file coords-v3.cif (mmCIF, C-alpha atoms)
data_start
loop_
_atom_site.label_atom_id
_atom_site.label_comp_id
_atom_site.auth_asym_id
_atom_site.auth_seq_id
_atom_site.Cartn_x
_atom_site.Cartn_y
_atom_site.Cartn_z
CA MET A 192 74.78 54.84 -54.96
CA GLY A 193 73.30 52.76 -57.76
CA THR A 194 69.75 51.71 -57.12
CA LYS A 195 68.61 48.16 -57.78
CA LYS A 196 65.09 48.04 -59.06
CA VAL A 197 62.81 46.79 -61.76
CA ALA A 198 59.37 47.83 -62.85
CA SER A 199 57.70 45.22 -60.74
CA ASN A 200 59.09 46.31 -57.41
CA ALA A 201 60.48 49.79 -57.93
CA GLY A 202 57.36 51.52 -56.71
CA ARG A 203 57.51 49.90 -53.30
CA ASN A 204 61.16 50.43 -52.45
CA ALA A 205 61.90 53.55 -50.48
CA GLN A 206 64.99 54.50 -52.48
CA VAL A 207 64.09 56.28 -55.67
CA THR A 208 66.68 57.21 -58.28
CA ASP A 209 67.73 60.85 -57.94
CA ILE A 210 68.06 62.30 -61.44
CA ARG A 211 70.06 65.27 -60.10
CA ASP A 212 72.91 62.93 -59.19
CA PRO A 213 75.13 62.29 -62.25
CA LYS A 214 76.31 58.93 -60.89
CA GLN A 215 72.74 57.72 -60.45
CA VAL A 216 71.93 59.01 -63.93
CA ASP A 217 74.82 56.93 -65.26
CA GLY A 218 73.47 53.83 -63.53
CA LEU A 219 69.97 54.51 -64.77
CA SER A 220 71.21 55.01 -68.35
CA LYS A 221 73.10 51.72 -68.31
CA ARG A 222 70.13 49.77 -66.97
CA VAL A 223 67.75 51.32 -69.48
CA LEU A 224 70.13 50.71 -72.38
CA ALA A 225 70.61 47.06 -71.40
CA TYR A 226 66.85 46.65 -71.11
CA ALA A 227 66.18 48.43 -74.43
CA ARG A 228 68.68 46.20 -76.23
CA ARG A 229 67.05 43.04 -74.87
CA TYR A 230 63.57 44.32 -75.72
CA ALA A 231 64.51 45.47 -79.23
CA ARG A 232 66.09 42.11 -79.96
CA VAL A 233 62.68 40.44 -79.72
CA MET A 234 61.25 42.70 -82.41
CA THR A 235 61.82 42.44 -86.13
CA TRP A 236 63.90 45.19 -87.69
CA TRP A 237 64.23 45.66 -91.40
CA LEU A 238 67.84 46.68 -90.91
CA GLY A 239 68.50 43.47 -88.99
CA GLU A 240 71.74 43.35 -87.08
CA ALA A 241 73.16 46.56 -88.53
CA GLY A 242 72.29 48.37 -85.30
CA GLY A 243 69.72 50.66 -86.89
CA LEU A 244 66.06 50.37 -86.00
CA ALA A 245 63.96 52.58 -88.27
CA LYS A 246 63.74 56.24 -89.26
CA GLY A 247 67.49 56.57 -88.72
CA ASN A 248 67.23 55.68 -85.03
CA THR A 249 69.51 53.41 -83.07
CA ILE A 250 68.73 51.89 -79.68
CA GLU A 251 71.09 54.43 -78.13
CA ASP A 252 69.10 57.25 -79.76
CA VAL A 253 65.92 55.92 -78.20
CA VAL A 254 67.47 55.63 -74.74
CA CYS A 255 69.02 59.10 -75.04
CA LYS A 256 65.65 60.58 -75.91
CA ALA A 257 64.07 58.73 -72.99
CA MET A 258 66.69 60.07 -70.57
CA VAL A 259 66.24 63.63 -71.87
CA SER A 260 62.48 63.38 -71.30
CA LEU A 261 63.19 63.20 -67.56
CA TYR A 262 64.25 66.86 -67.73
CA GLY A 263 61.70 68.35 -70.09
CA PRO A 264 59.35 67.52 -72.95
CA VAL A 265 60.77 65.82 -76.03
CA ASP A 266 59.18 66.46 -79.42
CA PRO A 267 57.39 69.52 -77.94
CA ASP A 268 55.62 70.19 -81.23
CA ALA A 269 54.36 66.63 -81.62
CA ARG A 270 50.74 65.64 -81.08
CA VAL A 271 51.75 63.72 -77.99
CA ARG A 272 54.27 65.56 -75.79
CA ARG A 273 56.34 63.18 -73.80
CA GLN A 274 57.75 64.13 -70.43
CA TRP A 275 58.30 62.31 -67.16
CA ASP A 276 55.50 62.73 -64.66
CA PRO A 277 57.08 62.05 -61.25
CA VAL A 278 53.66 61.84 -59.60
CA LYS A 279 52.48 59.12 -61.95
CA TYR A 280 55.83 57.32 -62.06
CA PRO A 281 57.81 58.09 -58.88
CA GLU A 282 60.65 55.79 -59.95
CA PRO A 283 62.18 57.10 -63.19
CA PHE A 284 63.24 53.62 -64.30
CA VAL A 285 59.62 52.47 -64.51
CA TYR A 286 58.76 55.45 -66.69
CA LEU A 287 61.86 54.97 -68.84
CA MET A 288 60.98 51.34 -69.49
CA LEU A 289 57.52 52.40 -70.69
CA PHE A 290 59.01 55.17 -72.82
CA VAL A 291 61.44 52.74 -74.45
CA LYS A 292 58.74 50.12 -75.05
CA THR A 293 56.48 52.69 -76.67
CA GLU A 294 59.20 54.22 -78.79
CA LEU A 295 60.46 50.85 -80.00
CA ARG A 296 56.93 49.74 -80.73
CA ASN A 297 56.23 52.90 -82.74
CA LEU A 298 59.42 52.42 -84.72
CA SER A 299 58.71 48.74 -85.33
CA VAL A 300 55.30 49.49 -86.87
CA SER A 301 56.50 52.53 -88.83
CA LYS A 302 56.33 52.38 -92.61
CA GLU A 303 60.08 52.37 -92.80
CA ASN A 304 60.26 49.13 -90.90
CA ARG A 305 57.68 47.36 -93.05
CA ARG A 306 58.62 45.04 -95.84
CA SER A 307 55.30 45.85 -97.48
CA GLU A 308 53.24 48.98 -97.18
CA ARG A 309 50.10 47.44 -98.62
CA ASP A 310 48.04 47.75 -95.46
CA VAL A 311 49.64 50.76 -93.85
CA GLU A 312 48.45 54.26 -94.58
CA VAL A 313 49.90 56.22 -91.73
CA ASP A 314 52.45 55.44 -89.08
CA ALA A 315 50.77 54.19 -85.96
CA ILE A 316 51.34 56.38 -82.96
CA PHE A 317 51.04 54.83 -79.55
CA THR A 318 51.32 56.61 -76.25
CA LEU A 319 52.87 55.55 -72.97
CA ASP A 320 49.52 54.38 -71.71
CA ASP A 321 49.23 51.89 -74.55
CA ALA A 322 52.56 50.20 -73.88
CA GLU A 323 51.33 47.30 -71.80
CA ALA A 324 48.45 46.52 -74.15
CA LEU A 325 50.77 46.74 -77.12
CA MET A 326 52.92 43.97 -75.79
CA LEU A 327 50.03 41.66 -76.45
CA GLU A 328 49.44 42.81 -79.98
CA VAL A 329 51.38 40.68 -82.38
CA GLU A 330 52.49 41.94 -85.75
CA ASN A 331 50.31 40.36 -88.39
CA ASP A 332 53.09 40.16 -90.91
CA ALA A 333 53.55 36.48 -91.77
CA ALA A 334 57.35 36.69 -91.73
CA GLN A 335 57.30 38.22 -88.29
CA LYS A 336 54.98 35.51 -87.05
CA VAL A 337 57.39 32.85 -88.30
CA ARG A 338 60.23 34.67 -86.59
CA VAL A 339 58.38 34.91 -83.26
CA ASN A 340 57.46 31.22 -83.39
CA ARG A 341 61.01 30.19 -84.20
CA ALA A 342 62.34 32.34 -81.35
CA TYR A 343 59.92 30.57 -79.06
CA GLU A 344 61.03 27.12 -80.24
CA LEU A 345 64.61 28.09 -79.54
CA LEU A 346 63.66 29.41 -76.11
CA ILE A 347 62.03 26.08 -75.30
CA GLU A 348 65.23 24.36 -76.42
CA GLU A 349 67.29 26.63 -74.20
CA ILE A 350 65.02 25.90 -71.25
CA GLY A 351 65.56 22.20 -71.92
CA ASP A 352 65.15 19.98 -68.85
CA ASP A 353 65.42 22.78 -66.35
CA GLN A 354 62.35 22.17 -64.16
CA GLN A 355 62.37 25.57 -62.51
CA LEU A 356 62.61 27.41 -65.82
CA SER A 357 59.87 25.22 -67.27
CA GLN A 358 57.59 26.08 -64.36
CA LEU A 359 58.40 29.77 -64.69
CA HIS A 360 57.69 29.55 -68.42
CA ASP A 361 54.27 28.01 -67.73
CA GLU A 362 53.36 30.69 -65.22
CA MET A 363 54.57 33.53 -67.45
CA LEU A 364 52.67 32.13 -70.40
CA LYS A 365 49.55 32.32 -68.25
CA GLY A 366 50.31 36.00 -67.79
CA LEU A 367 51.65 35.75 -64.26
CA LEU A 368 54.49 38.28 -64.09
CA LYS A 369 54.69 39.86 -60.67
CA PRO A 370 57.52 38.36 -58.59
CA GLN A 371 55.30 38.13 -55.50
CA LEU A 372 52.63 36.16 -57.33
CA LEU A 373 55.21 34.00 -59.07
CA ALA A 374 56.86 33.34 -55.70
CA GLU A 375 53.57 32.11 -54.27
CA SER A 376 52.81 30.01 -57.30
CA LEU A 377 56.29 28.49 -57.54
CA CYS A 378 56.68 28.12 -53.75
CA MET A 379 59.91 30.07 -53.59
CA SER A 380 61.14 33.41 -52.29
CA VAL A 381 60.86 36.61 -54.32
CA LYS A 382 64.64 36.75 -54.41
CA ASP A 383 64.77 33.28 -55.95
CA VAL A 384 62.08 34.29 -58.46
CA ASN A 385 64.15 37.30 -59.49
CA ASN A 386 67.19 35.09 -59.98
CA LEU A 387 65.10 32.63 -61.94
CA LYS A 388 63.79 35.43 -64.15
CA LYS A 389 67.38 36.47 -64.76
CA ARG A 390 68.19 32.94 -65.88
CA MET A 391 65.10 32.97 -68.09
CA SER A 392 66.22 36.26 -69.61
CA ASN A 393 69.63 34.78 -70.37
CA ALA A 394 67.94 31.79 -72.01
CA GLY A 395 65.84 34.22 -74.05
CA GLN A 396 68.90 36.17 -75.16
CA ARG A 397 70.67 32.97 -76.18
CA ALA A 398 67.59 31.92 -78.16
CA LEU A 399 67.45 35.27 -79.94
CA ALA A 400 71.17 35.15 -80.69
CA ARG A 401 70.71 31.69 -82.22
CA LEU A 402 67.77 32.95 -84.24
CA GLN A 403 69.84 35.83 -85.58
CA LYS A 404 72.59 33.40 -86.56
CA GLU A 405 70.05 31.26 -88.40
CA LEU A 406 68.66 34.28 -90.23
CA ASN A 407 72.15 35.40 -91.21
CA HIS A 408 72.73 32.01 -92.82
CA VAL A 409 69.51 32.05 -94.85
CA MET B 141 45.98 34.00 -89.85
CA SER B 142 43.27 32.37 -87.74
CA LYS B 143 42.18 33.92 -84.45
CA GLN B 144 43.73 31.01 -82.56
CA ASP B 145 47.05 31.49 -84.41
CA LYS B 146 46.95 35.16 -83.66
CA ASP B 147 46.21 34.57 -79.98
CA ASP B 148 49.03 32.04 -79.72
CA SER B 149 51.48 34.35 -81.45
CA ALA B 150 50.42 37.23 -79.22
CA ARG B 151 51.00 35.11 -76.11
CA ILE B 152 54.38 34.01 -77.38
CA LEU B 153 55.44 37.54 -78.27
CA ALA B 154 54.27 38.79 -74.88
CA LEU B 155 56.25 36.01 -73.21
CA LEU B 156 59.41 36.84 -75.17
CA LEU B 157 59.06 40.53 -74.30
CA ASP B 158 58.39 39.74 -70.65
CA VAL B 159 61.47 37.55 -70.57
CA ALA B 160 63.56 40.61 -71.49
CA GLU B 161 62.43 42.24 -68.24
CA HIS B 162 64.16 41.26 -65.04
CA GLU B 163 65.83 42.77 -62.02
CA GLN B 164 69.29 44.02 -62.81
CA THR B 165 71.89 46.01 -60.91
CA THR B 166 73.89 48.77 -62.57
CA GLU B 167 76.96 46.55 -62.47
CA GLU B 168 75.13 43.67 -64.15
CA ALA B 169 73.77 46.00 -66.82
CA GLU B 170 77.23 47.38 -67.49
CA ALA B 171 78.71 43.89 -67.73
CA GLU B 172 75.97 42.92 -70.20
CA LEU B 173 76.64 46.01 -72.32
CA VAL B 174 80.40 45.48 -72.32
CA THR B 175 79.92 41.83 -73.33
CA ASP B 176 77.73 43.03 -76.20
CA GLY B 177 80.54 45.36 -77.31
CA VAL B 178 78.77 48.62 -76.41
CA ASN B 179 80.97 51.68 -75.87
CA VAL B 180 79.46 52.50 -72.48
CA THR B 181 81.67 55.56 -71.80
CA GLY B 182 80.77 57.07 -75.17
CA PHE B 183 77.10 56.38 -74.61
CA LEU B 184 77.12 58.01 -71.17
CA SER B 185 78.90 61.11 -72.54
CA ARG B 186 76.20 61.37 -75.15
CA VAL B 187 73.44 61.07 -72.56
CA HIS B 188 74.99 63.78 -70.38
CA LEU B 189 75.46 66.14 -73.33
CA ALA B 190 71.85 65.63 -74.39
CA ILE B 191 70.63 66.23 -70.83
CA GLN B 192 72.73 69.40 -70.51
CA ALA B 193 71.30 70.70 -73.79
CA LYS B 194 67.77 70.01 -72.58
CA GLN B 195 68.40 71.68 -69.22
CA LYS B 196 69.77 74.77 -70.99
CA GLU B 197 66.76 74.81 -73.29
CA GLU B 198 64.41 74.53 -70.29
CA ARG B 199 66.21 77.34 -68.46
CA LEU B 200 65.76 79.61 -71.46
CA SER B 201 62.22 78.51 -72.19
CA TRP B 202 60.77 81.44 -70.21
CA ARG B 203 62.24 83.77 -72.85
CA LYS B 204 60.53 81.87 -75.61
CA GLU B 205 57.26 81.98 -73.68
CA SER B 206 57.73 85.67 -72.94
CA ARG B 207 58.33 86.45 -76.64
CA SER B 208 55.34 84.40 -77.61
CA ASN B 209 53.15 86.20 -75.06
CA ALA B 210 54.37 89.60 -76.29
CA ALA B 211 53.63 88.63 -79.89
CA ALA B 212 50.14 87.44 -78.96
CA PHE B 213 49.51 90.66 -77.03
CA ALA B 214 50.60 92.73 -80.04
CA GLN B 215 47.99 90.93 -82.13
CA THR B 216 45.13 92.07 -79.88
CA GLU B 217 43.06 95.15 -80.58
CA ASP B 218 44.22 98.43 -79.04
CA LEU B 219 41.50 99.37 -76.55
CA SER B 220 42.82 102.79 -75.49
CA ALA B 221 39.88 104.49 -77.21
CA ARG B 222 37.60 102.92 -74.62
CA TYR B 223 39.20 105.07 -71.89
CA ALA B 224 40.40 108.06 -73.94
CA ASP B 225 37.59 110.44 -72.94
CA MET B 226 36.92 109.04 -69.51
CA PRO B 227 37.24 111.65 -66.72
CA ARG B 228 39.56 110.96 -63.80
CA GLU B 229 36.77 110.06 -61.34
CA LEU B 230 35.48 107.35 -63.67
CA LEU B 231 38.99 106.14 -64.39
CA ILE B 232 39.58 105.65 -60.65
CA LEU B 233 36.23 103.92 -60.22
CA GLU B 234 37.06 101.61 -63.12
CA ALA B 235 40.55 100.92 -61.76
CA GLN B 236 39.14 100.04 -58.34
CA LYS B 237 37.30 97.12 -59.95
CA TYR B 238 40.61 95.54 -60.90
CA THR B 239 42.90 96.23 -57.96
CA ASP B 240 44.40 92.73 -58.17
CA SER B 241 45.47 92.98 -61.77
CA LEU B 242 46.70 96.58 -61.99
CA HIS B 243 50.26 97.58 -61.26
CA PHE B 244 49.43 100.90 -59.54
CA LYS B 245 47.72 100.51 -56.21
CA ASN B 246 47.66 104.14 -55.17
CA PHE B 247 45.30 105.45 -57.83
CA ASP B 248 45.27 108.98 -56.42
CA GLU B 249 48.95 109.39 -57.29
CA ALA B 250 48.71 107.83 -60.76
CA THR B 251 48.31 110.24 -63.67
CA ASP B 252 45.26 110.00 -65.94
CA ASP B 253 47.44 108.69 -68.77
CA ASP B 254 48.91 105.98 -66.55
CA LEU B 255 45.44 104.89 -65.50
CA ARG B 256 44.21 104.89 -69.09
CA SER B 257 47.11 102.81 -70.39
CA GLN B 258 46.88 100.37 -67.47
CA LEU B 259 43.16 99.90 -67.96
CA ALA B 260 43.55 99.51 -71.72
CA ASP B 261 46.33 96.92 -71.30
CA ARG B 262 44.30 95.03 -68.73
CA ALA B 263 41.34 94.94 -71.09
CA ARG B 264 43.59 93.64 -73.89
CA LEU B 265 44.95 90.91 -71.63
CA GLU B 266 41.40 89.96 -70.75
CA GLU B 267 40.55 89.66 -74.44
CA LEU B 268 43.67 87.57 -74.99
CA ALA B 269 42.77 85.23 -72.13
CA LYS B 270 39.30 84.77 -73.62
CA LYS B 271 40.82 83.74 -76.96
CA LYS B 272 43.13 81.21 -75.30
#
call {"tool": "encode", "arguments": {"input": "coords-v3.cif", "output": "structure tokens"}}
result
Amino acid sequence: MGTKKVASNAGRNAQVTDIRDPKQVDGLSKRVLAYARRYARVMTWWLGEAGGLAKGNTIEDVVCKAMVSLYGPVDPDARVRRQWDPVKYPEPFVYLMLFVKTELRNLSVSKENRRSERDVEVDAIFTLDDAEALMLEVENDAAQKVRVNRAYELLIEEIGDDQQLSQLHDEMLKGLLKPQLLAESLCMSVKDVNNLKKRMSNAGQRALARLQKELNHV
Amino acid sequence: MSKQDKDDSARILALLLDVAEHEQTTEEAEAELVTDGVNVTGFLSRVHLAIQAKQKEERLSWRKESRSNAAAFAQTEDLSARYADMPRELLILEAQKYTDSLHFKNFDEATDDDLRSQLADRARLEELAKKK
């Protein structure tokens, strides 16, 4: 019943999540929530580990809103109406990932999440189409830069002597993300690449957990 | 922050965000959430309630649209005067221009008043469409 997909390969697999099936909706919700939690952990939140993001939102709020947008527009009065377009994104999970990325990004740059408002006049509003480009835009706040760099140092420590992870790191740093391309570059199967990415994700989560511990002790 | 610093930080941030993205089954996601102490059952109940509320809202949205259309129509100018003094022959000729948009098809059986009100309403709808 549960479908097994990620953004990179979801479009090609024949089985697409059926949002009319409550069990598949459950599976989809769990996968999106897990992804949103990992993604949000990379960003800097003024409320830190308290579970809140900004503007009174939690990660669960964001995922809930994303799930609802599969069935109709959310924020219908907003400048940008958000609703799933099954033609553009046949696999709902791909759309939900973009929705979550955009929403988290908007919250992270909102006034409420800024330590200083000196250079912010209005809350930035990004749309789904900006999500990929936004990933490359780093917050210019000095404290956030320090945090990102420290997280990276810890990730490198977590990777340690693992040759495969080191190679994957090098390829990802070059911007190579698609499993097929990584498989070619690393001379391994796509399945092995996916497993390696899973290990890399675990290393990333451990690094972020260590970073949070360090910040809690400051 | 120099451009080089900014580029490096951007690459690092992109890498960290990319690392968060990997293939995951439902079971693996659930295990991850449980390990993190998330109340998965409570979260799923919330999702289903929110979806049900949205579906109900969508089902009833036609009423909202219908009310909004009626209100917009009421704001348009009454054009009955345009047809008030028109004789029956002209009314039928006029109606024949708009056979697709008029309710009555058999104009010979329609009364003059019916034809006048249909033509006036059609003209008002046309005005409304122009404004939109």
call {"tool": "resolve_selection", "arguments": {"input": "coords-v3.cif", "expression": "the PyMOL selection byres ((chain B and resi 250-266) around 9)", "output": "JSON, numbers by chain"}}
result
{"B": [213, 216, 217, 218, 219, 220, 221, 222, 223, 224, 226, 227, 228, 231, 232, 234, 235, 238, 241, 242, 243, 244, 245, 246, 247, 248, 249, 267, 268, 269, 270, 271]}
call {"tool": "write_last_selection", "arguments": {"input": "coords-v3.cif", "atoms": "C-alpha atoms", "output": "tab-separated table (two decimals), keeping the file's coordinate frame"}}
result
chain	number	residue	atom	x	y	z
B	213	PHE	CA	49.51	90.66	-77.03
B	216	THR	CA	45.13	92.07	-79.88
B	217	GLU	CA	43.06	95.15	-80.58
B	218	ASP	CA	44.22	98.43	-79.04
B	219	LEU	CA	41.50	99.37	-76.55
B	220	SER	CA	42.82	102.79	-75.49
B	221	ALA	CA	39.88	104.49	-77.21
B	222	ARG	CA	37.60	102.92	-74.62
B	223	TYR	CA	39.20	105.07	-71.89
B	224	ALA	CA	40.40	108.06	-73.94
B	226	MET	CA	36.92	109.04	-69.51
B	227	PRO	CA	37.24	111.65	-66.72
B	228	ARG	CA	39.56	110.96	-63.80
B	231	LEU	CA	38.99	106.14	-64.39
B	232	ILE	CA	39.58	105.65	-60.65
B	234	GLU	CA	37.06	101.61	-63.12
B	235	ALA	CA	40.55	100.92	-61.76
B	238	TYR	CA	40.61	95.54	-60.90
B	241	SER	CA	45.47	92.98	-61.77
B	242	LEU	CA	46.70	96.58	-61.99
B	243	HIS	CA	50.26	97.58	-61.26
B	244	PHE	CA	49.43	100.90	-59.54
B	245	LYS	CA	47.72	100.51	-56.21
B	246	ASN	CA	47.66	104.14	-55.17
B	247	PHE	CA	45.30	105.45	-57.83
B	248	ASP	CA	45.27	108.98	-56.42
B	249	GLU	CA	48.95	109.39	-57.29
B	267	GLU	CA	40.55	89.66	-74.44
B	268	LEU	CA	43.67	87.57	-74.99
B	269	ALA	CA	42.77	85.23	-72.13
B	270	LYS	CA	39.30	84.77	-73.62
B	271	LYS	CA	40.82	83.74	-76.96
call {"tool": "closest_atom_pairs", "arguments": {"input": "coords-v3.cif", "of": "chain B", "to": "chain A", "cutoff": "10 Å", "atoms": "only C-alpha atoms", "output": "JSON lines"}}
result
{"residue": "B:Met141", "atom": "CA", "partner": "A:Asn331", "partner_atom": "CA", "distance": 7.8}
{"residue": "B:Asp145", "atom": "CA", "partner": "A:Lys336", "partner_atom": "CA", "distance": 9.3}
{"residue": "B:Lys146", "atom": "CA", "partner": "A:Val329", "partner_atom": "CA", "distance": 7.2}
{"residue": "B:Asp147", "atom": "CA", "partner": "A:Val329", "partner_atom": "CA", "distance": 8.4}
{"residue": "B:Asp148", "atom": "CA", "partner": "A:Asn340", "partner_atom": "CA", "distance": 9.2}
{"residue": "B:Ser149", "atom": "CA", "partner": "A:Val329", "partner_atom": "CA", "distance": 6.4}
{"residue": "B:Ala150", "atom": "CA", "partner": "A:Val329", "partner_atom": "CA", "distance": 4.8}
{"residue": "B:Arg151", "atom": "CA", "partner": "A:Leu327", "partner_atom": "CA", "distance": 6.6}
{"residue": "B:Ile152", "atom": "CA", "partner": "A:Tyr343", "partner_atom": "CA", "distance": 6.7}
{"residue": "B:Leu153", "atom": "CA", "partner": "A:Val339", "partner_atom": "CA", "distance": 6.4}
{"residue": "B:Ala154", "atom": "CA", "partner": "A:Leu327", "partner_atom": "CA", "distance": 5.4}
{"residue": "B:Leu155", "atom": "CA", "partner": "A:Leu364", "partner_atom": "CA", "distance": 6.0}
{"residue": "B:Leu156", "atom": "CA", "partner": "A:Val233", "partner_atom": "CA", "distance": 6.7}
{"residue": "B:Leu157", "atom": "CA", "partner": "A:Tyr230", "partner_atom": "CA", "distance": 6.1}
{"residue": "B:Asp158", "atom": "CA", "partner": "A:Leu368", "partner_atom": "CA", "distance": 7.8}
{"residue": "B:Val159", "atom": "CA", "partner": "A:Ser392", "partner_atom": "CA", "distance": 5.0}
{"residue": "B:Ala160", "atom": "CA", "partner": "A:Arg229", "partner_atom": "CA", "distance": 5.4}
{"residue": "B:Glu161", "atom": "CA", "partner": "A:Tyr226", "partner_atom": "CA", "distance": 6.9}
{"residue": "B:His162", "atom": "CA", "partner": "A:Lys389", "partner_atom": "CA", "distance": 5.8}
{"residue": "B:Glu163", "atom": "CA", "partner": "A:Val197", "partner_atom": "CA", "distance": 5.0}
{"residue": "B:Gln164", "atom": "CA", "partner": "A:Lys195", "partner_atom": "CA", "distance": 6.6}
{"residue": "B:Thr165", "atom": "CA", "partner": "A:Lys195", "partner_atom": "CA", "distance": 5.0}
{"residue": "B:Thr166", "atom": "CA", "partner": "A:Gly218", "partner_atom": "CA", "distance": 5.2}
{"residue": "B:Glu167", "atom": "CA", "partner": "A:Gly218", "partner_atom": "CA", "distance": 8.1}
{"residue": "B:Glu168", "atom": "CA", "partner": "A:Arg222", "partner_atom": "CA", "distance": 8.4}
{"residue": "B:Ala169", "atom": "CA", "partner": "A:Arg222", "partner_atom": "CA", "distance": 5.2}
{"residue": "B:Glu170", "atom": "CA", "partner": "A:Lys221", "partner_atom": "CA", "distance": 6.0}
{"residue": "B:Ala171", "atom": "CA", "partner": "A:Ala225", "partner_atom": "CA", "distance": 9.4}
{"residue": "B:Glu172", "atom": "CA", "partner": "A:Ala225", "partner_atom": "CA", "distance": 6.9}
{"residue": "B:Leu173", "atom": "CA", "partner": "A:Ala225", "partner_atom": "CA", "distance": 6.2}
{"residue": "B:Val174", "atom": "CA", "partner": "A:Ala225", "partner_atom": "CA", "distance": 10.0}
{"residue": "B:Asp176", "atom": "CA", "partner": "A:Ala225", "partner_atom": "CA", "distance": 9.5}
{"residue": "B:Val178", "atom": "CA", "partner": "A:Ala225", "partner_atom": "CA", "distance": 9.7}
{"residue": "B:Val180", "atom": "CA", "partner": "A:Lys221", "partner_atom": "CA", "distance": 7.6}
{"residue": "B:Thr181", "atom": "CA", "partner": "A:Asp217", "partner_atom": "CA", "distance": 9.6}
{"residue": "B:Phe183", "atom": "CA", "partner": "A:Glu251", "partner_atom": "CA", "distance": 7.2}
{"residue": "B:Leu184", "atom": "CA", "partner": "A:Asp217", "partner_atom": "CA", "distance": 6.4}
{"residue": "B:Ser185", "atom": "CA", "partner": "A:Asp217", "partner_atom": "CA", "distance": 9.3}
{"residue": "B:Arg186", "atom": "CA", "partner": "A:Cys255", "partner_atom": "CA", "distance": 7.5}
{"residue": "B:Val187", "atom": "CA", "partner": "A:Cys255", "partner_atom": "CA", "distance": 5.4}
{"residue": "B:His188", "atom": "CA", "partner": "A:Pro213", "partner_atom": "CA", "distance": 8.3}
{"residue": "B:Leu189", "atom": "CA", "partner": "A:Val259", "partner_atom": "CA", "distance": 9.7}
{"residue": "B:Ala190", "atom": "CA", "partner": "A:Val259", "partner_atom": "CA", "distance": 6.5}
{"residue": "B:Ile191", "atom": "CA", "partner": "A:Val259", "partner_atom": "CA", "distance": 5.2}
{"residue": "B:Gln192", "atom": "CA", "partner": "A:Val259", "partner_atom": "CA", "distance": 8.8}
{"residue": "B:Ala193", "atom": "CA", "partner": "A:Val259", "partner_atom": "CA", "distance": 8.9}
{"residue": "B:Lys194", "atom": "CA", "partner": "A:Val259", "partner_atom": "CA", "distance": 6.6}
{"residue": "B:Gln195", "atom": "CA", "partner": "A:Tyr262", "partner_atom": "CA", "distance": 6.5}
{"residue": "B:Glu197", "atom": "CA", "partner": "A:Gly263", "partner_atom": "CA", "distance": 8.8}
{"residue": "B:Glu198", "atom": "CA", "partner": "A:Gly263", "partner_atom": "CA", "distance": 6.8}
call {"tool": "closest_residue", "arguments": {"input": "coords-v3.cif", "among": "A:Asn248, A:Gln206, A:Gln403, A:Gln354", "to": "Glu294 of chain A", "atoms": "all atoms listed in the file"}}
result
A:Asn248
call {"tool": "atom_distance", "arguments": {"input": "coords-v3.cif", "atom1": "atom CA of Asp383 of chain A", "atom2": "atom CA of Phe290 of chain A"}}
result
28.2 Å
call {"tool": "atom_distance", "arguments": {"input": "coords-v3.cif", "atom1": "atom CA of Leu367 of chain A", "atom2": "atom CA of Val285 of chain A"}}
result
18.5 Å
call {"tool": "atom_distance", "arguments": {"input": "coords-v3.cif", "atom1": "atom CA of Glu349 of chain A", "atom2": "atom CA of Arg401 of chain A"}}
result
10.1 Å
call {"tool": "residues_around", "arguments": {"input": "coords-v3.cif", "residues": "Tyr286 of chain A", "least_positions_apart": "3", "cutoff": "9 Å", "atoms": "all atoms listed in the file", "output": "list in words"}}
result
Ala198, Ala257, Leu261, Trp275, Asp276, Pro277, Lys279, Tyr280, Pro281, Glu282, Pro283, Leu289, Phe290, Val291 and Leu319 of chain A
call {"tool": "decode", "arguments": {"input": "coords-v3.cif", "residues": "segment 277-283 of chain A", "atoms": "N, CA, C and O atoms", "output": "short mmCIF file (atom, residue, chain, number, x, y, z; two decimals), in the first residue's frame"}}
result
data_model
loop_
_atom_site.label_atom_id
_atom_site.label_comp_id
_atom_site.auth_asym_id
_atom_site.auth_seq_id
_atom_site.Cartn_x
_atom_site.Cartn_y
_atom_site.Cartn_z
N PRO A 277 -1.81 18.53 -10.09
CA PRO A 277 -1.43 17.16 -10.42
C PRO A 277 -0.78 17.02 -11.80
O PRO A 277 -0.09 16.04 -12.05
N VAL A 278 -1.03 17.99 -12.69
CA VAL A 278 -0.41 17.90 -14.01
C VAL A 278 1.08 18.25 -13.90
O VAL A 278 1.95 17.58 -14.45
N LYS A 279 1.34 19.30 -13.12
CA LYS A 279 2.73 19.73 -12.95
C LYS A 279 3.51 18.78 -12.06
O LYS A 279 4.70 18.53 -12.29
N TYR A 280 2.85 18.29 -11.01
CA TYR A 280 3.52 17.38 -10.07
C TYR A 280 2.66 16.11 -9.92
O TYR A 280 1.86 16.03 -8.99
N PRO A 281 2.81 15.15 -10.82
CA PRO A 281 1.96 13.95 -10.75
C PRO A 281 2.08 13.22 -9.41
O PRO A 281 1.10 12.70 -8.89
N GLU A 282 3.28 13.16 -8.85
CA GLU A 282 3.46 12.50 -7.56
C GLU A 282 3.32 13.55 -6.45
O GLU A 282 4.12 14.49 -6.36
N PRO A 283 2.29 13.37 -5.60
CA PRO A 283 2.06 14.38 -4.55
C PRO A 283 3.27 14.63 -3.65
O PRO A 283 3.50 15.74 -3.20
#
